[in-house]
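run-v2.cif (mmCIF, C-alpha atoms) appears below.
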data_entry
loop_
_atom_site.group_PDB
_atom_site.id
_atom_site.type_symbol
_atom_site.label_atom_id
_atom_site.label_comp_id
_atom_site.auth_asym_id
_atom_site.auth_seq_id
_atom_site.Cartn_x
_atom_site.Cartn_y
_atom_site.Cartn_z
ATOM 1 C CA MET Y 29 -36.402 91.669 -18.878
ATOM 2 C CA ASN Y 30 -37.754 93.080 -22.162
ATOM 3 C CA LYS Y 31 -38.383 96.831 -21.724
ATOM 4 C CA ASP Y 32 -40.590 97.326 -24.779
ATOM 5 C CA ILE Y 33 -44.106 98.652 -24.460
ATOM 6 C CA ILE Y 34 -46.957 96.095 -24.471
ATOM 7 C CA LEU Y 35 -50.375 96.836 -25.990
ATOM 8 C CA LEU Y 36 -53.125 94.402 -24.992
ATOM 9 C CA GLU Y 37 -56.414 94.409 -26.941
ATOM 10 C CA PHE Y 38 -59.357 92.809 -25.148
ATOM 11 C CA ASN Y 39 -61.870 91.383 -27.637
ATOM 12 C CA GLY Y 40 -65.252 89.784 -26.994
ATOM 13 C CA VAL Y 41 -69.002 90.190 -27.361
ATOM 14 C CA PRO Y 42 -70.793 92.887 -25.325
ATOM 15 C CA GLY Y 43 -71.345 91.716 -21.760
ATOM 16 C CA SER Y 44 -68.498 89.185 -21.819
ATOM 17 C CA GLY Y 45 -66.562 91.129 -19.175
ATOM 18 C CA LYS Y 46 -63.811 92.921 -21.133
ATOM 19 C CA THR Y 47 -63.925 96.187 -19.183
ATOM 20 C CA THR Y 48 -64.352 94.478 -15.803
ATOM 21 C CA LEU Y 49 -61.349 92.262 -16.510
ATOM 22 C CA SER Y 50 -59.279 95.151 -17.869
ATOM 23 C CA ASN Y 51 -60.004 97.262 -14.778
ATOM 24 C CA SER Y 52 -59.124 94.326 -12.511
ATOM 25 C CA VAL Y 53 -55.792 93.835 -14.270
ATOM 26 C CA ILE Y 54 -54.998 97.532 -13.771
ATOM 27 C CA ALA Y 55 -55.976 97.405 -10.100
ATOM 28 C CA ASN Y 56 -53.983 94.248 -9.376
ATOM 29 C CA LEU Y 57 -50.864 94.899 -11.450
ATOM 30 C CA ASN Y 58 -50.260 98.492 -10.356
ATOM 31 C CA GLY Y 59 -47.255 98.796 -8.114
ATOM 32 C CA ILE Y 60 -45.140 96.261 -10.011
ATOM 33 C CA ASP Y 61 -41.989 97.174 -11.953
ATOM 34 C CA TYR Y 62 -43.834 98.865 -14.840
ATOM 35 C CA PRO Y 63 -46.983 101.010 -15.178
ATOM 36 C CA VAL Y 64 -50.232 99.319 -16.260
ATOM 37 C CA TYR Y 65 -53.099 101.524 -17.382
ATOM 38 C CA SER Y 66 -55.983 101.978 -19.812
ATOM 39 C CA TYR Y 67 -55.671 103.720 -23.180
ATOM 40 C CA HIS Y 68 -58.703 105.803 -22.137
ATOM 41 C CA LYS Y 69 -56.255 107.940 -20.138
ATOM 42 C CA ILE Y 70 -54.510 108.955 -23.359
ATOM 43 C CA ILE Y 71 -57.056 109.084 -26.185
ATOM 44 C CA LYS Y 72 -60.797 109.605 -26.441
ATOM 45 C CA LYS Y 73 -63.164 107.376 -28.396
ATOM 46 C CA PRO Y 74 -65.016 109.015 -31.303
ATOM 47 C CA THR Y 75 -68.491 110.167 -30.321
ATOM 48 C CA ARG Y 76 -70.955 112.694 -31.657
ATOM 49 C CA LYS Y 77 -70.116 114.958 -28.708
ATOM 50 C CA ASN Y 78 -66.391 115.343 -29.378
ATOM 51 C CA LEU Y 79 -66.141 115.326 -33.187
ATOM 52 C CA LYS Y 80 -64.388 118.712 -33.201
ATOM 53 C CA LEU Y 81 -61.689 117.346 -30.902
ATOM 54 C CA LEU Y 82 -61.364 114.263 -33.082
ATOM 55 C CA PHE Y 83 -60.900 116.194 -36.300
ATOM 56 C CA LYS Y 84 -58.192 118.250 -34.557
ATOM 57 C CA TYR Y 85 -56.551 114.975 -33.549
ATOM 58 C CA LEU Y 86 -56.729 113.630 -37.127
ATOM 59 C CA ILE Y 87 -54.648 116.544 -38.414
ATOM 60 C CA HIS Y 88 -51.642 115.119 -36.554
ATOM 61 C CA VAL Y 89 -51.928 111.421 -37.430
ATOM 62 C CA LYS Y 90 -49.364 109.599 -39.569
ATOM 63 C CA CYS Y 91 -50.198 109.031 -43.254
ATOM 64 C CA SER Y 92 -49.944 105.268 -42.730
ATOM 65 C CA SER Y 93 -52.800 105.538 -40.214
ATOM 66 C CA PHE Y 94 -55.052 106.866 -42.964
ATOM 67 C CA ARG Y 95 -54.078 103.855 -45.085
ATOM 68 C CA MET Y 96 -55.408 101.656 -42.302
ATOM 69 C CA GLY Y 97 -58.576 103.773 -42.370
ATOM 70 C CA CYS Y 98 -58.885 103.108 -46.120
ATOM 71 C CA LEU Y 99 -58.756 99.368 -45.456
ATOM 72 C CA GLY Y 100 -61.467 99.864 -42.848
ATOM 73 C CA MET Y 101 -63.623 101.766 -45.325
ATOM 74 C CA LEU Y 102 -63.171 99.054 -47.963
ATOM 75 C CA TYR Y 103 -64.246 96.513 -45.351
ATOM 76 C CA LEU Y 104 -67.284 98.671 -44.580
ATOM 77 C CA LEU Y 105 -68.153 98.976 -48.288
ATOM 78 C CA THR Y 106 -67.734 95.238 -48.887
ATOM 79 C CA ASN Y 107 -70.030 94.387 -45.989
ATOM 80 C CA LYS Y 108 -72.528 97.132 -46.970
ATOM 81 C CA LYS Y 109 -72.807 98.634 -43.489
ATOM 82 C CA PHE Y 110 -73.292 102.369 -44.068
ATOM 83 C CA ASN Y 111 -74.327 104.475 -41.080
ATOM 84 C CA ARG Y 112 -72.996 107.271 -38.899
ATOM 85 C CA GLU Y 113 -71.849 104.915 -36.127
ATOM 86 C CA ASN Y 114 -69.748 102.864 -38.522
ATOM 87 C CA TRP Y 115 -68.042 105.915 -40.014
ATOM 88 C CA LEU Y 116 -67.092 106.861 -36.452
ATOM 89 C CA ARG Y 117 -65.683 103.356 -36.024
ATOM 90 C CA ILE Y 118 -63.463 103.927 -39.065
ATOM 91 C CA VAL Y 119 -62.215 107.137 -37.405
ATOM 92 C CA SER Y 120 -61.619 105.108 -34.247
ATOM 93 C CA ILE Y 121 -59.553 102.560 -36.215
ATOM 94 C CA ILE Y 122 -57.411 105.394 -37.649
ATOM 95 C CA ILE Y 123 -56.864 106.916 -34.204
ATOM 96 C CA LEU Y 124 -56.067 103.587 -32.547
ATOM 97 C CA TYR Y 125 -53.633 102.541 -35.272
ATOM 98 C CA ASP Y 126 -51.902 105.912 -35.054
ATOM 99 C CA PHE Y 127 -51.722 105.549 -31.279
ATOM 100 C CA TYR Y 128 -50.248 102.031 -31.593
ATOM 101 C CA GLN Y 129 -47.597 103.188 -34.069
ATOM 102 C CA LYS Y 130 -46.490 106.156 -31.993
ATOM 103 C CA LYS Y 131 -46.412 104.233 -28.706
ATOM 104 C CA SER Y 132 -44.466 101.340 -30.267
ATOM 105 C CA MET Y 133 -41.666 103.770 -31.166
ATOM 106 C CA GLU Y 134 -41.332 105.058 -27.600
ATOM 107 C CA ASN Y 135 -38.651 103.620 -25.372
ATOM 108 C CA SER Y 136 -41.037 103.073 -22.479
ATOM 109 C CA ASP Y 137 -41.725 100.163 -20.185
ATOM 110 C CA GLU Y 138 -45.529 100.251 -20.110
ATOM 111 C CA VAL Y 139 -48.495 97.900 -20.404
ATOM 112 C CA ILE Y 140 -51.509 99.593 -21.985
ATOM 113 C CA LEU Y 141 -54.894 97.863 -21.985
ATOM 114 C CA VAL Y 142 -57.346 98.529 -24.814
ATOM 115 C CA ASP Y 143 -60.884 97.209 -24.234
ATOM 116 C CA GLN Y 144 -62.391 98.704 -27.421
ATOM 117 C CA GLY Y 145 -59.607 98.130 -29.908
ATOM 118 C CA ILE Y 146 -59.314 97.702 -33.662
ATOM 119 C CA ILE Y 147 -60.592 94.109 -33.719
ATOM 120 C CA GLN Y 148 -63.566 95.145 -31.585
ATOM 121 C CA GLN Y 149 -64.363 97.964 -34.022
ATOM 122 C CA ILE Y 150 -64.269 95.552 -36.971
ATOM 123 C CA VAL Y 151 -66.785 93.213 -35.358
ATOM 124 C CA SER Y 152 -68.983 96.112 -34.223
ATOM 125 C CA ILE Y 153 -69.273 97.321 -37.831
ATOM 126 C CA SER Y 154 -70.994 94.061 -38.797
ATOM 127 C CA TYR Y 155 -73.156 94.131 -35.639
ATOM 128 C CA GLU Y 156 -76.260 91.999 -36.420
ATOM 129 C CA THR Y 157 -74.969 90.407 -39.647
ATOM 130 C CA GLU Y 158 -72.423 87.759 -40.501
ATOM 131 C CA LEU Y 159 -69.231 88.778 -42.285
ATOM 132 C CA ILE Y 160 -69.844 88.900 -46.025
ATOM 133 C CA SER Y 161 -66.119 88.894 -46.757
ATOM 134 C CA ASP Y 162 -63.016 88.615 -44.577
ATOM 135 C CA ARG Y 163 -60.671 89.871 -47.323
ATOM 136 C CA PHE Y 164 -60.049 93.284 -45.781
ATOM 137 C CA VAL Y 165 -60.056 91.876 -42.253
ATOM 138 C CA LYS Y 166 -57.058 89.787 -43.327
ATOM 139 C CA LYS Y 167 -55.344 92.879 -44.749
ATOM 140 C CA ILE Y 168 -55.969 94.890 -41.558
ATOM 141 C CA ILE Y 169 -54.616 92.160 -39.287
ATOM 142 C CA ALA Y 170 -51.652 91.491 -41.602
ATOM 143 C CA ARG Y 171 -50.748 95.204 -41.370
ATOM 144 C CA LEU Y 172 -50.992 95.092 -37.571
ATOM 145 C CA LYS Y 173 -48.638 92.115 -37.519
ATOM 146 C CA LYS Y 174 -46.204 93.521 -40.097
ATOM 147 C CA LYS Y 175 -45.653 96.797 -38.223
ATOM 148 C CA ASN Y 176 -44.359 95.064 -35.082
ATOM 149 C CA LEU Y 177 -46.504 97.243 -32.815
ATOM 150 C CA HIS Y 178 -45.974 95.105 -29.685
ATOM 151 C CA LEU Y 179 -49.699 94.344 -29.912
ATOM 152 C CA TYR Y 180 -51.100 91.225 -28.227
ATOM 153 C CA ILE Y 181 -54.647 89.914 -28.184
ATOM 154 C CA ILE Y 182 -56.769 88.833 -25.202
ATOM 155 C CA ASN Y 183 -59.782 86.865 -26.461
ATOM 156 C CA VAL Y 184 -62.544 87.179 -23.855
ATOM 157 C CA ASP Y 185 -65.313 84.573 -23.941
ATOM 158 C CA LEU Y 186 -68.522 83.942 -22.039
ATOM 159 C CA ASP Y 187 -71.664 82.009 -22.930
ATOM 160 C CA VAL Y 188 -73.811 84.417 -24.972
ATOM 161 C CA THR Y 189 -76.860 83.805 -22.760
ATOM 162 C CA GLU Y 190 -74.908 84.879 -19.693
ATOM 163 C CA SER Y 191 -73.453 87.830 -21.626
ATOM 164 C CA PHE Y 192 -76.984 88.992 -22.461
ATOM 165 C CA ASP Y 193 -78.054 88.669 -18.818
ATOM 166 C CA ARG Y 194 -75.008 90.668 -17.691
ATOM 167 C CA LEU Y 195 -75.786 93.385 -20.217
ATOM 168 C CA ASN Y 196 -79.231 93.813 -18.743
ATOM 169 C CA LEU Y 197 -77.707 94.426 -15.326
ATOM 170 C CA ARG Y 198 -75.434 97.136 -16.716
ATOM 171 C CA VAL Y 199 -76.050 100.775 -15.818
ATOM 172 C CA GLY Y 200 -74.576 103.773 -17.631
ATOM 173 C CA ASN Y 201 -72.769 102.421 -20.710
ATOM 174 C CA VAL Y 202 -75.871 101.099 -22.465
ATOM 175 C CA SER Y 203 -75.461 98.636 -25.345
ATOM 176 C CA ARG Y 204 -77.860 98.536 -28.277
ATOM 177 C CA ILE Y 205 -78.478 94.897 -27.436
ATOM 178 C CA GLN Y 206 -80.078 95.940 -24.147
ATOM 179 C CA ASN Y 207 -82.922 97.421 -26.181
ATOM 180 C CA MET Y 208 -83.655 94.055 -27.820
ATOM 181 C CA ASN Y 209 -85.887 91.288 -26.501
ATOM 182 C CA ARG Y 210 -84.099 88.240 -25.113
ATOM 183 C CA LYS Y 211 -84.390 86.086 -28.246
ATOM 184 C CA LYS Y 212 -83.174 88.805 -30.623
ATOM 185 C CA GLY Y 213 -80.393 89.882 -28.272
ATOM 186 C CA ILE Y 214 -78.997 86.362 -27.882
ATOM 187 C CA GLU Y 215 -79.199 85.767 -31.657
ATOM 188 C CA THR Y 216 -77.216 88.986 -32.238
ATOM 189 C CA LEU Y 217 -74.568 87.945 -29.710
ATOM 190 C CA LYS Y 218 -74.254 84.546 -31.409
ATOM 191 C CA ILE Y 219 -73.606 86.263 -34.753
ATOM 192 C CA GLN Y 220 -70.995 88.508 -33.158
ATOM 193 C CA GLN Y 221 -69.340 85.529 -31.464
ATOM 194 C CA ASN Y 222 -69.158 83.720 -34.807
ATOM 195 C CA ASN Y 223 -67.554 86.811 -36.391
ATOM 196 C CA PHE Y 224 -65.023 86.932 -33.555
ATOM 197 C CA ASP Y 225 -64.223 83.244 -34.099
ATOM 198 C CA ILE Y 226 -63.505 83.921 -37.795
ATOM 199 C CA ILE Y 227 -61.257 86.868 -36.964
ATOM 200 C CA ARG Y 228 -59.451 84.967 -34.199
ATOM 201 C CA GLU Y 229 -58.570 82.238 -36.670
ATOM 202 C CA ILE Y 230 -57.105 84.900 -38.974
ATOM 203 C CA ILE Y 231 -55.117 86.279 -36.014
ATOM 204 C CA ARG Y 232 -53.725 82.826 -35.259
ATOM 205 C CA LYS Y 233 -52.736 82.305 -38.906
ATOM 206 C CA THR Y 234 -50.832 85.627 -38.967
ATOM 207 C CA GLY Y 235 -48.783 84.492 -35.961
ATOM 208 C CA MET Y 236 -49.922 87.292 -33.648
ATOM 209 C CA ASP Y 237 -49.651 86.221 -30.006
ATOM 210 C CA SER Y 238 -52.988 85.810 -28.247
ATOM 211 C CA ILE Y 239 -54.542 84.036 -25.298
ATOM 212 C CA ASP Y 240 -58.106 82.909 -24.581
ATOM 213 C CA ILE Y 241 -59.857 83.963 -21.379
ATOM 214 C CA ASN Y 242 -63.239 82.704 -20.203
ATOM 215 C CA THR Y 243 -64.863 85.049 -17.692
ATOM 216 C CA GLN Y 244 -66.923 82.194 -16.279
ATOM 217 C CA VAL Y 245 -63.739 81.639 -14.279
ATOM 218 C CA SER Y 246 -63.111 84.017 -11.373
ATOM 219 C CA VAL Y 247 -61.636 87.439 -12.093
ATOM 220 C CA ASP Y 248 -58.662 86.704 -9.822
ATOM 221 C CA GLU Y 249 -57.757 83.581 -11.811
ATOM 222 C CA ASN Y 250 -57.961 85.450 -15.101
ATOM 223 C CA VAL Y 251 -55.847 88.319 -13.764
ATOM 224 C CA LEU Y 252 -53.135 85.780 -12.904
ATOM 225 C CA ILE Y 253 -53.345 84.261 -16.411
ATOM 226 C CA ILE Y 254 -52.890 87.710 -17.965
ATOM 227 C CA LYS Y 255 -50.081 88.579 -15.560
ATOM 228 C CA ASP Y 256 -48.260 85.384 -16.541
ATOM 229 C CA PHE Y 257 -48.827 86.267 -20.223
ATOM 230 C CA ILE Y 258 -47.267 89.707 -19.687
ATOM 231 C CA VAL Y 259 -44.296 88.224 -17.804
ATOM 232 C CA LYS Y 260 -43.768 85.747 -20.642
ATOM 233 C CA ILE Y 261 -43.788 88.557 -23.224
ATOM 234 C CA LYS Y 262 -41.304 90.588 -21.184
ATOM 235 C CA SER Y 263 -38.938 87.717 -20.495
#
Please render this file's structure as structure tokens.
Amino acid sequence: MNKDIILLEFNGVPGSGKTTLSNSVIANLNGIDYPVYSYHKIIKKPTRKNLKLLFKYLIHVKCSSFRMGCLGMLYLLTNKKFNRENWLRIVSIIILYDFYQKKSMENSDEVILVDQGIIQQIVSISYETELISDRFVKKIIARLKKKNLHLYIINVDLDVTESFDRLNLRVGNVSRIQNMNRKKGIETLKIQQNNFDIIREIIRKTGMDSIDINTQVSVDENVLIIKDFIVKIKS
């Protein structure tokens, strides 16, 4: 069995069930021959509350991680999405890429689940608007593929209407879409889904391994699909 580390990025619109599915995979795959856990146990997402910690973290990142950040900034500039949240997403891309590089060099037999990964950050930058250009998206994904980071993609799908309804049942981690009326919220999710579809096509063309999951199906069924995907990677 292949002993390399596996990094799984879960990508999908808000409310599609990424975190629920990720947590279910962790709960159901623990106790097998290798540890399965969330990247949240290792790194913290950039927020206004922990910027000092983040800047301390940035001092230790690899130079190549900053190059990925430059690609992210060029993407941001091209799509004309300037705001504080998006600059934090660029920091998040730098931190995640650095994390992926360092973990891929470790001789460890782990499966790490990432439910707010680099692809998710790219789509979140666009938010309510369609991609103006996918030029730098292609460069970012090509770099991810080229580095052989043991990164695999889980595309999570759910009808956008149902995603919106699920969001409005959520407590705690509040999405901006929850503050929209139903029509506006569903329109925003449709735009995000279209952006994901564009990026997923780029992922397929690069040859990165990915699978599609629809959370309309039961969680147990999807956990089995992901488990089989992991076993296939490790075989």
Give as a compact mmCIF listing (two decimals) with C-alpha atoms, in the coordinates of the input the residues that the PyMOL selection byres ((chain Y and resi 147-154) around 6) matches when applied to the coordinates above.
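Result file follows (part-v5.txt):
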# COMPACT_ATOMS: atom_id res chain seq x y z
CA ASN Y 39 -61.87 91.38 -27.64
CA ASN Y 114 -69.75 102.86 -38.52
CA ARG Y 117 -65.68 103.36 -36.02
CA GLN Y 144 -62.39 98.70 -27.42
CA GLY Y 145 -59.61 98.13 -29.91
CA ILE Y 146 -59.31 97.70 -33.66
CA TYR Y 155 -73.16 94.13 -35.64
CA THR Y 157 -74.97 90.41 -39.65
Applied to the shown file, which residues does the PyMOL selection byres ((chain Y and resi 254) around 10) return, written as an mmCIF file with C-alpha atoms, in the coordinates of the input?
data_model
loop_
_atom_site.group_PDB
_atom_site.id
_atom_site.type_symbol
_atom_site.label_atom_id
_atom_site.label_comp_id
_atom_site.auth_asym_id
_atom_site.auth_seq_id
_atom_site.Cartn_x
_atom_site.Cartn_y
_atom_site.Cartn_z
ATOM 1 C CA LEU Y 36 -53.125 94.402 -24.992
ATOM 2 C CA LEU Y 49 -61.349 92.262 -16.510
ATOM 3 C CA SER Y 50 -59.279 95.151 -17.869
ATOM 4 C CA VAL Y 53 -55.792 93.835 -14.270
ATOM 5 C CA LEU Y 57 -50.864 94.899 -11.450
ATOM 6 C CA ILE Y 182 -56.769 88.833 -25.202
ATOM 7 C CA ILE Y 239 -54.542 84.036 -25.298
ATOM 8 C CA ASP Y 240 -58.106 82.909 -24.581
ATOM 9 C CA ILE Y 241 -59.857 83.963 -21.379
ATOM 10 C CA GLU Y 249 -57.757 83.581 -11.811
ATOM 11 C CA ASN Y 250 -57.961 85.450 -15.101
ATOM 12 C CA VAL Y 251 -55.847 88.319 -13.764
ATOM 13 C CA LEU Y 252 -53.135 85.780 -12.904
ATOM 14 C CA ILE Y 253 -53.345 84.261 -16.411
ATOM 15 C CA LYS Y 255 -50.081 88.579 -15.560
ATOM 16 C CA ASP Y 256 -48.260 85.384 -16.541
ATOM 17 C CA PHE Y 257 -48.827 86.267 -20.223
ATOM 18 C CA ILE Y 258 -47.267 89.707 -19.687
ATOM 19 C CA VAL Y 259 -44.296 88.224 -17.804
ATOM 20 C CA LYS Y 260 -43.768 85.747 -20.642
#
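The two atoms in question, CA of Leu179 in chain Y and CA of Val247 in chain Y, are spaced 22.5 Å apart.
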Closest of Y:Ile70, Y:Ile60, Y:Ile214, Y:Val245 to Val184 in chain Y - atom-to-atom distances counting only C-alpha atoms:
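Once distances to Val184 in chain Y are computed over only C-alpha atoms, the minimum belongs to Y:Val245.
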Could you build a table of the residues in range 47-130 of chain Y lying no more than 7 Å from range 159-169 of chain Y, giving for each the nearest pair of atoms and their separation in Å rounded to one decimal place, using all atoms listed in the file, ordered by chain and ascending residue number, as JSON lines?
{"residue": "Y:Met96", "atom": "CA", "partner": "Y:Ile168", "partner_atom": "CA", "distance": 6.8}
{"residue": "Y:Leu99", "atom": "CA", "partner": "Y:Phe164", "partner_atom": "CA", "distance": 6.2}
{"residue": "Y:Leu102", "atom": "CA", "partner": "Y:Phe164", "partner_atom": "CA", "distance": 6.9}
{"residue": "Y:Tyr103", "atom": "CA", "partner": "Y:Phe164", "partner_atom": "CA", "distance": 5.3}
{"residue": "Y:Thr106", "atom": "CA", "partner": "Y:Ser161", "partner_atom": "CA", "distance": 6.9}
{"residue": "Y:Asn107", "atom": "CA", "partner": "Y:Ile160", "partner_atom": "CA", "distance": 5.5}
For the residues in that selection, give me C-alpha atoms as a PDB file, in the coordinates of the input.
ATOM      1  CA  MET Y  96     -55.408 101.656 -42.302  1.00  0.00           C
ATOM      2  CA  LEU Y  99     -58.756  99.368 -45.456  1.00  0.00           C
ATOM      3  CA  LEU Y 102     -63.171  99.054 -47.963  1.00  0.00           C
ATOM      4  CA  TYR Y 103     -64.246  96.513 -45.351  1.00  0.00           C
ATOM      5  CA  THR Y 106     -67.734  95.238 -48.887  1.00  0.00           C
ATOM      6  CA  ASN Y 107     -70.030  94.387 -45.989  1.00  0.00           C
TER       7      ASN Y 107
END
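A straight line drawn from CA of Val188 in chain Y to CA of Gly40 in chain Y is 10.3 Å long.
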Would you translate the PyMOL selection byres ((chain Y and resi 136) around 12) into the concrete set of residues it matches in this file, as a list in words?
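Applying the PyMOL selection byres ((chain Y and resi 136) around 12) to the structure shown produces Asn30, Lys31, Asp32, Ile33, Ile34, Leu35, Tyr62, Pro63, Val64, Lys130, Lys131, Ser132, Met133, Glu134, Asn135, Asp137, Glu138, Val139, Ile140 and His178 of chain Y.
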Residue subset to file, keeping C-alpha atoms, as a PDB file, keeping the file's coordinate frame:
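Saved to again-v7.pdb:
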ATOM      1  CA  ASN Y  30     -37.754  93.080 -22.162  1.00  0.00           C
ATOM      2  CA  LYS Y  31     -38.383  96.831 -21.724  1.00  0.00           C
ATOM      3  CA  ASP Y  32     -40.590  97.326 -24.779  1.00  0.00           C
ATOM      4  CA  ILE Y  33     -44.106  98.652 -24.460  1.00  0.00           C
ATOM      5  CA  ILE Y  34     -46.957  96.095 -24.471  1.00  0.00           C
ATOM      6  CA  LEU Y  35     -50.375  96.836 -25.990  1.00  0.00           C
ATOM      7  CA  TYR Y  62     -43.834  98.865 -14.840  1.00  0.00           C
ATOM      8  CA  PRO Y  63     -46.983 101.010 -15.178  1.00  0.00           C
ATOM      9  CA  VAL Y  64     -50.232  99.319 -16.260  1.00  0.00           C
ATOM     10  CA  LYS Y 130     -46.490 106.156 -31.993  1.00  0.00           C
ATOM     11  CA  LYS Y 131     -46.412 104.233 -28.706  1.00  0.00           C
ATOM     12  CA  SER Y 132     -44.466 101.340 -30.267  1.00  0.00           C
ATOM     13  CA  MET Y 133     -41.666 103.770 -31.166  1.00  0.00           C
ATOM     14  CA  GLU Y 134     -41.332 105.058 -27.600  1.00  0.00           C
ATOM     15  CA  ASN Y 135     -38.651 103.620 -25.372  1.00  0.00           C
ATOM     16  CA  ASP Y 137     -41.725 100.163 -20.185  1.00  0.00           C
ATOM     17  CA  GLU Y 138     -45.529 100.251 -20.110  1.00  0.00           C
ATOM     18  CA  VAL Y 139     -48.495  97.900 -20.404  1.00  0.00           C
ATOM     19  CA  ILE Y 140     -51.509  99.593 -21.985  1.00  0.00           C
ATOM     20  CA  HIS Y 178     -45.974  95.105 -29.685  1.00  0.00           C
TER      21      HIS Y 178
END
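One finds CA of His88 in chain Y at 28.0 Å from CA of Met236 in chain Y.
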Residue nearest Asn209 in chain Y among Y:Ser92, Y:Asp225, Y:Leu197, Y:Phe192 (counting all atoms listed in the file)
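Once distances to Asn209 in chain Y are computed over all atoms listed in the file, the minimum belongs to Y:Phe192.
The nearest approach to Leu116 in chain Y among the residues Y:Val142, Y:Met101, Y:Ile227, Y:Ile54, with all atoms listed in the file taken into account, belongs to Y:Met101.
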Kindly list the centre and edge lengths in Å, rounded to one decimal, for the axis-aligned box that covers all listed atoms of range 30-47 of chain Y plus 4 Å on each of its six sides, as AutoDock Vina command-line options.
--center_x -54.5 --center_y 93.9 --center_z -23.4 --size_x 41.6 --size_y 17.5 --size_z 16.5
I'd like to know which of Y:Ile181, Y:Ile123, Y:Met208, Y:Leu105 is closest to Lys84 in chain Y, using all atoms listed in the file.
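Answer, going by the shortest atom-to-atom distance: Y:Ile123.
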Among listed residues Y:Ile71, Y:Ile87, Y:Ile261, Y:Ala170, nearest Ile231 in chain Y (using only C-alpha atoms)
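Of Y:Ile71, Y:Ile87, Y:Ile261, Y:Ala170, the one nearest Ile231 in chain Y, counting only C-alpha atoms, is Y:Ala170.
Nearest to Leu141 in chain Y of all the residues Y:Thr234, Y:Gln206, Y:Thr47, Y:Thr216 is Y:Thr47, counting only C-alpha atoms.
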Please complete range 54-66 of chain Y with N, CA and C atoms and give it back as a PDB file, keeping the file's coordinate frame.
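Listing of result-v5.pdb after writing:
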ATOM      1  N   ILE Y  54     -55.626  96.258 -14.158  1.00  0.00           N
ATOM      2  CA  ILE Y  54     -54.998  97.532 -13.771  1.00  0.00           C
ATOM      3  C   ILE Y  54     -54.882  97.635 -12.251  1.00  0.00           C
ATOM      4  N   ALA Y  55     -55.960  97.292 -11.561  1.00  0.00           N
ATOM      5  CA  ALA Y  55     -55.976  97.405 -10.100  1.00  0.00           C
ATOM      6  C   ALA Y  55     -54.982  96.455  -9.438  1.00  0.00           C
ATOM      7  N   ASN Y  56     -54.808  95.267 -10.015  1.00  0.00           N
ATOM      8  CA  ASN Y  56     -53.983  94.248  -9.376  1.00  0.00           C
ATOM      9  C   ASN Y  56     -52.524  94.273  -9.814  1.00  0.00           C
ATOM     10  N   LEU Y  57     -52.241  94.875 -10.973  1.00  0.00           N
ATOM     11  CA  LEU Y  57     -50.864  94.899 -11.450  1.00  0.00           C
ATOM     12  C   LEU Y  57     -50.177  96.230 -11.195  1.00  0.00           C
ATOM     13  N   ASN Y  58     -50.905  97.231 -10.724  1.00  0.00           N
ATOM     14  CA  ASN Y  58     -50.260  98.492 -10.356  1.00  0.00           C
ATOM     15  C   ASN Y  58     -49.320  98.266  -9.176  1.00  0.00           C
ATOM     16  N   GLY Y  59     -48.211  98.951  -9.207  1.00  0.00           N
ATOM     17  CA  GLY Y  59     -47.255  98.796  -8.114  1.00  0.00           C
ATOM     18  C   GLY Y  59     -46.152  97.812  -8.429  1.00  0.00           C
ATOM     19  N   ILE Y  60     -46.239  97.127  -9.614  1.00  0.00           N
ATOM     20  CA  ILE Y  60     -45.140  96.261 -10.011  1.00  0.00           C
ATOM     21  C   ILE Y  60     -44.077  97.097 -10.719  1.00  0.00           C
ATOM     22  N   ASP Y  61     -43.163  96.459 -11.425  1.00  0.00           N
ATOM     23  CA  ASP Y  61     -41.989  97.174 -11.953  1.00  0.00           C
ATOM     24  C   ASP Y  61     -42.280  98.079 -13.139  1.00  0.00           C
ATOM     25  N   TYR Y  62     -43.503  98.042 -13.674  1.00  0.00           N
ATOM     26  CA  TYR Y  62     -43.834  98.865 -14.840  1.00  0.00           C
ATOM     27  C   TYR Y  62     -45.282  99.330 -14.725  1.00  0.00           C
ATOM     28  N   PRO Y  63     -45.612 100.489 -15.278  1.00  0.00           N
ATOM     29  CA  PRO Y  63     -46.983 101.010 -15.178  1.00  0.00           C
ATOM     30  C   PRO Y  63     -47.959 100.223 -16.055  1.00  0.00           C
ATOM     31  N   VAL Y  64     -49.163 100.003 -15.531  1.00  0.00           N
ATOM     32  CA  VAL Y  64     -50.232  99.319 -16.260  1.00  0.00           C
ATOM     33  C   VAL Y  64     -51.451 100.223 -16.218  1.00  0.00           C
ATOM     34  N   TYR Y  65     -51.948 100.624 -17.392  1.00  0.00           N
ATOM     35  CA  TYR Y  65     -53.099 101.524 -17.382  1.00  0.00           C
ATOM     36  C   TYR Y  65     -53.916 101.384 -18.663  1.00  0.00           C
ATOM     37  N   SER Y  66     -55.067 102.043 -18.679  1.00  0.00           N
ATOM     38  CA  SER Y  66     -55.983 101.978 -19.812  1.00  0.00           C
ATOM     39  C   SER Y  66     -55.662 103.061 -20.841  1.00  0.00           C
TER      40      SER Y  66
END
